[in-house]
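One structure is given here, and the rest of the page talks about it.
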Amino acid sequence: MSVTPFVQAMLDPVLTNPWHQLSTWFKSDDPTTFKTAHGMSIWDYTANKPNFNNLFNDAMASDARLVTSVVIEKCKGVFDGLELLVDVGGGTGTMAMTLAKSFPKMECIVFDLPHVVDGFHGSENLKYVGGDMFKEIPPADAILLKWILHDWNDEECVKILKKCKESLKQKDKEGKVIIIEMVLEIDQKGDIAKSTETQLFFDMLMMVLVTGKERNEKEWGNLIYSGGFGGYKITPILEMVFLALHDSDEPNMKW
């Protein structure tokens, strides 16, 4: 379970150069420092640079391996009984492949941009589908968003969540959205928790590379309700990573 691909990507000049453009970015109208450095968004860059696209996808895959085993071990009940799960922004399918093996009766779809999933082949209960989550998400009774929403600003997140709800409605049954993200912590005295130092680094990383940020529970709640969902439950699964679950309409979760 090596993190080498993730470290290699973080130290690649493509991702380190934007940090040196912060002063220029503050004076510009660019949405991200990445665009200031490279003239395009990170998503357009990966679409046009196959070598970096592979490096980036390998990094996300190595990052996913760590959390996947913990999620299945501690939150198995979340996936029990599901018929169809769509892993939105699932990359090369690292997490979906493990879920498909662990829950053979559940069909898994890896849904990502066409250039990301191109060339990948699924299995009996796993397939890859190319598309745009801002336009349409395949119908499902469960949608997985693993470290997706922190890439986007609040308005963009609400759009994604509304598309998730549209997808769930098409199945004409009670559904759920499973979100794996950081939740910034504040202790009882109102001070930021010690583990948040690491979380704040990732907050800076989001500011430099994309339009998103890390969020606290209140901010997550606002997004969830604005996206049309009636409730949520947050379950800690790692020291810094939390699994947030929310049902399509019901405020009282029973998972």
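The chains in the structure tokens are called A, B, ... from first to last as shown; in each chain the residues are counted from 1, and the ligands are counted from 1 in the order shown.
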
Got a sec: who's within 8 Å of Gln170 of chain A, counting only C-alpha atoms, leaving out chain neighbours fewer than 4 positions off, as a PyMOL selection string?
chain A and resi 139-140+166

Once you have the residues from the selection above, write them out as an mmCIF file, in the first residue's frame, restricted to C-alpha atoms.
data_model
loop_
_atom_site.group_PDB
_atom_site.id
_atom_site.type_symbol
_atom_site.label_atom_id
_atom_site.label_comp_id
_atom_site.auth_asym_id
_atom_site.auth_seq_id
_atom_site.Cartn_x
_atom_site.Cartn_y
_atom_site.Cartn_z
ATOM 1 C CA PRO A 139 -29.153 6.286 -12.372
ATOM 2 C CA ALA A 140 -28.221 4.516 -9.133
ATOM 3 C CA GLU A 166 -31.723 13.542 -9.981
#

If we count only C-alpha atoms and set the cut-off at 8 Å, which residues sit around segment 33-35 of chain A, ignoring sequence neighbours fewer than 4 positions away in its own chain? Please answer as JSON, numbers by chain.
{"A": [15, 18, 19, 21, 22, 25, 39, 40, 41, 42, 207, 208, 209, 210]}

May I have the selected residues written with N, CA and C atoms, as a PDB file, in the first residue's frame?
ATOM      1  N   LEU A  15       2.722  20.473 -10.427  1.00  0.00           N
ATOM      2  CA  LEU A  15       1.957  20.813  -9.231  1.00  0.00           C
ATOM      3  C   LEU A  15       2.705  21.723  -8.263  1.00  0.00           C
ATOM      4  N   PRO A  18       2.742  26.092  -9.434  1.00  0.00           N
ATOM      5  CA  PRO A  18       1.685  27.034  -9.047  1.00  0.00           C
ATOM      6  C   PRO A  18       1.905  27.695  -7.690  1.00  0.00           C
ATOM      7  N   TRP A  19       2.588  27.007  -6.771  1.00  0.00           N
ATOM      8  CA  TRP A  19       2.839  27.610  -5.461  1.00  0.00           C
ATOM      9  C   TRP A  19       3.708  28.860  -5.586  1.00  0.00           C
ATOM     10  N   GLN A  21       3.496  30.981  -7.882  1.00  0.00           N
ATOM     11  CA  GLN A  21       2.733  32.013  -8.590  1.00  0.00           C
ATOM     12  C   GLN A  21       1.681  32.684  -7.702  1.00  0.00           C
ATOM     13  N   LEU A  22       1.750  32.432  -6.398  1.00  0.00           N
ATOM     14  CA  LEU A  22       0.724  32.965  -5.501  1.00  0.00           C
ATOM     15  C   LEU A  22       0.628  34.483  -5.554  1.00  0.00           C
ATOM     16  N   TRP A  25      -0.981  35.488  -8.709  1.00  0.00           N
ATOM     17  CA  TRP A  25      -2.391  35.089  -8.708  1.00  0.00           C
ATOM     18  C   TRP A  25      -3.255  36.068  -7.925  1.00  0.00           C
ATOM     19  N   GLY A  39      -2.011  28.377 -17.555  1.00  0.00           N
ATOM     20  CA  GLY A  39      -2.919  28.921 -18.560  1.00  0.00           C
ATOM     21  C   GLY A  39      -4.196  28.132 -18.767  1.00  0.00           C
ATOM     22  N   MET A  40      -4.441  27.144 -17.939  1.00  0.00           N
ATOM     23  CA  MET A  40      -5.657  26.328 -18.036  1.00  0.00           C
ATOM     24  C   MET A  40      -5.913  25.667 -16.689  1.00  0.00           C
ATOM     25  N   SER A  41      -7.110  25.114 -16.520  1.00  0.00           N
ATOM     26  CA  SER A  41      -7.426  24.423 -15.271  1.00  0.00           C
ATOM     27  C   SER A  41      -6.690  23.089 -15.210  1.00  0.00           C
ATOM     28  N   ILE A  42      -6.607  22.526 -14.026  1.00  0.00           N
ATOM     29  CA  ILE A  42      -5.929  21.237 -13.875  1.00  0.00           C
ATOM     30  C   ILE A  42      -6.666  20.142 -14.641  1.00  0.00           C
ATOM     31  N   MET A 207      -6.860  25.421  -2.740  1.00  0.00           N
ATOM     32  CA  MET A 207      -6.864  26.806  -3.207  1.00  0.00           C
ATOM     33  C   MET A 207      -5.905  26.991  -4.386  1.00  0.00           C
ATOM     34  N   VAL A 208      -4.757  26.316  -4.325  1.00  0.00           N
ATOM     35  CA  VAL A 208      -3.739  26.471  -5.359  1.00  0.00           C
ATOM     36  C   VAL A 208      -4.116  25.728  -6.647  1.00  0.00           C
ATOM     37  N   LEU A 209      -4.625  24.519  -6.503  1.00  0.00           N
ATOM     38  CA  LEU A 209      -4.837  23.667  -7.672  1.00  0.00           C
ATOM     39  C   LEU A 209      -6.231  23.760  -8.277  1.00  0.00           C
ATOM     40  N   VAL A 210      -7.246  23.948  -7.425  1.00  0.00           N
ATOM     41  CA  VAL A 210      -8.631  23.921  -7.909  1.00  0.00           C
ATOM     42  C   VAL A 210      -9.420  25.064  -7.269  1.00  0.00           C
TER      43      VAL A 210
END

Please extract the residues of segment 61-113 of chain A with a backbone DSSP assignment of strand (DSSP E) and present them as a ChimeraX atom specification.
/A:84-88,107-112

A:Asp63, A:Gly175, A:Ser123, A:Asn51 ranked by distance to Phe229 of chain A, top pick (using only C-alpha atoms):
A:Gly175

Best match for closeness to Ile180 of chain A among A:Asp87, A:Glu124, A:Asp132, A:Asp30, counting only C-alpha atoms
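Counting only C-alpha atoms, the residue closest to Ile180 of chain A is A:Asp87.
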
Nearest to Val116 of chain A, chosen from A:Lys49, A:Lys171, A:Lys163, A:Lys233, with only C-alpha atoms counted in the distances
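Smallest distance to Val116 of chain A is found for A:Lys49.
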
Could you name the residues that touch Phe111 of chain A at 6 Å or less, counting only C-alpha atoms, but leaving out those on the same chain fewer than 6 positions away, as a ChimeraX atom specification?
/A:87-90,129-130

Using N, CA and C atoms, can you export the residues from the last selection as a short mmCIF file (atom, residue, chain, number, x, y, z; two decimals), in the first residue's frame?
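The resulting result-v3.cif:
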data_model
loop_
_atom_site.label_atom_id
_atom_site.label_comp_id
_atom_site.auth_asym_id
_atom_site.auth_seq_id
_atom_site.Cartn_x
_atom_site.Cartn_y
_atom_site.Cartn_z
N ASP A 87 -19.63 5.32 -8.70
CA ASP A 87 -18.48 6.01 -8.12
C ASP A 87 -18.17 7.21 -9.02
N VAL A 88 -18.69 8.37 -8.64
CA VAL A 88 -18.54 9.59 -9.44
C VAL A 88 -17.13 10.14 -9.25
N GLY A 89 -16.45 10.38 -10.37
CA GLY A 89 -15.06 10.82 -10.29
C GLY A 89 -14.17 9.70 -9.78
N GLY A 90 -14.54 8.47 -10.14
CA GLY A 90 -13.86 7.29 -9.60
C GLY A 90 -12.50 7.00 -10.19
N VAL A 129 -17.84 4.13 -17.27
CA VAL A 129 -18.69 4.99 -18.09
C VAL A 129 -18.10 6.40 -18.11
N GLY A 130 -17.94 6.96 -19.31
CA GLY A 130 -17.43 8.32 -19.43
C GLY A 130 -18.56 9.33 -19.47
#

May I ask which of the residues A:Glu156, A:Thr94, A:Ala142, A:Asp29 is the closest one to Tyr128 of chain A, counting only C-alpha atoms?
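Residue with the minimum atom-to-atom distance to Tyr128 of chain A: A:Thr94.
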
Determine which residues of segment 4-241 of chain A receive a DSSP assignment of alpha helix (DSSP H), computed from the backbone, and state them as a count of residues only.
112

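Distance-wise, atom CA of Arg215 of chain A and atom CA of His115 of chain A end up 29.2 Å apart.
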
Do you have the atom CA of Asn48 of chain A-atom CA of Ala9 of chain A distance handy?
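Interatomic distance, atom CA of Asn48 of chain A to atom CA of Ala9 of chain A: 16.7 Å.
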
Rounded to one decimal in Å, what is the spacing between atom CA of Met106 of chain A and atom CA of Ile179 of chain A?
18.2 Å

Would you mind telling me which residue in A:Leu200, A:Met182, A:Leu223, A:Val117 lies nearest to Cys157 of chain A when using only C-alpha atoms?
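Ranked by minimum distance to Cys157 of chain A, first place goes to A:Leu223.
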
Select, from A:Thr235, A:Glu155, A:Ser226, A:Thr92, the residue with the minimum atom-to-atom distance to Gly119 of chain A, counting only C-alpha atoms.
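The answer is A:Thr92, which sits nearest to Gly119 of chain A.
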
Leaving out Val71 of chain A and any residue of its chain fewer than 3 positions from it, which residues lie within 10 Å of it when counting only C-alpha atoms, given as a list in words?
Leu66, Val67, Thr68, Lys74, Cys75, Lys76, Val78, Phe79, Met95, Leu99, Ile180, Pro236, Ile237, Leu238, Phe242 and Leu243 of chain A

Let me see the file: selected residues, N, CA and C atoms, as a compact mmCIF listing (two decimals), in the first residue's frame.
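Written out: again_19.txt:
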# COMPACT_ATOMS: atom_id res chain seq x y z
N LEU A 66 -5.62 3.30 0.61
CA LEU A 66 -5.56 3.40 2.07
C LEU A 66 -6.95 3.50 2.67
N VAL A 67 -7.77 4.38 2.13
CA VAL A 67 -9.08 4.62 2.73
C VAL A 67 -10.08 3.52 2.41
N THR A 68 -9.92 2.85 1.27
CA THR A 68 -10.90 1.84 0.86
C THR A 68 -11.01 0.70 1.86
N LYS A 74 -14.98 -0.70 8.49
CA LYS A 74 -15.74 -0.01 9.52
C LYS A 74 -17.15 0.39 9.10
N CYS A 75 -17.41 0.43 7.81
CA CYS A 75 -18.71 0.92 7.34
C CYS A 75 -19.37 -0.06 6.38
N LYS A 76 -19.16 -1.33 6.61
CA LYS A 76 -19.68 -2.36 5.72
C LYS A 76 -21.19 -2.26 5.55
N VAL A 78 -23.09 0.17 5.31
CA VAL A 78 -23.52 1.21 4.38
C VAL A 78 -23.76 0.63 2.99
N PHE A 79 -22.99 -0.40 2.64
CA PHE A 79 -23.06 -0.96 1.29
C PHE A 79 -23.93 -2.21 1.19
N MET A 95 -11.19 2.12 -5.94
CA MET A 95 -12.14 1.84 -4.87
C MET A 95 -13.31 1.00 -5.37
N LEU A 99 -14.76 -2.59 -3.95
CA LEU A 99 -16.16 -2.71 -3.54
C LEU A 99 -16.87 -3.82 -4.32
N ILE A 180 -16.93 10.81 1.03
CA ILE A 180 -15.71 10.64 1.81
C ILE A 180 -14.88 11.91 1.66
N PRO A 236 -16.60 9.09 11.67
CA PRO A 236 -15.14 9.15 11.51
C PRO A 236 -14.59 7.79 11.11
N ILE A 237 -13.73 7.76 10.10
CA ILE A 237 -13.13 6.50 9.67
C ILE A 237 -11.61 6.53 9.74
N LEU A 238 -11.02 7.69 9.76
CA LEU A 238 -9.58 7.85 9.97
C LEU A 238 -9.39 9.12 10.78
N PHE A 242 -13.36 11.59 7.12
CA PHE A 242 -14.67 11.23 7.64
C PHE A 242 -15.55 10.74 6.51
N LEU A 243 -16.46 9.86 6.85
CA LEU A 243 -17.42 9.36 5.88
C LEU A 243 -18.75 10.03 6.16
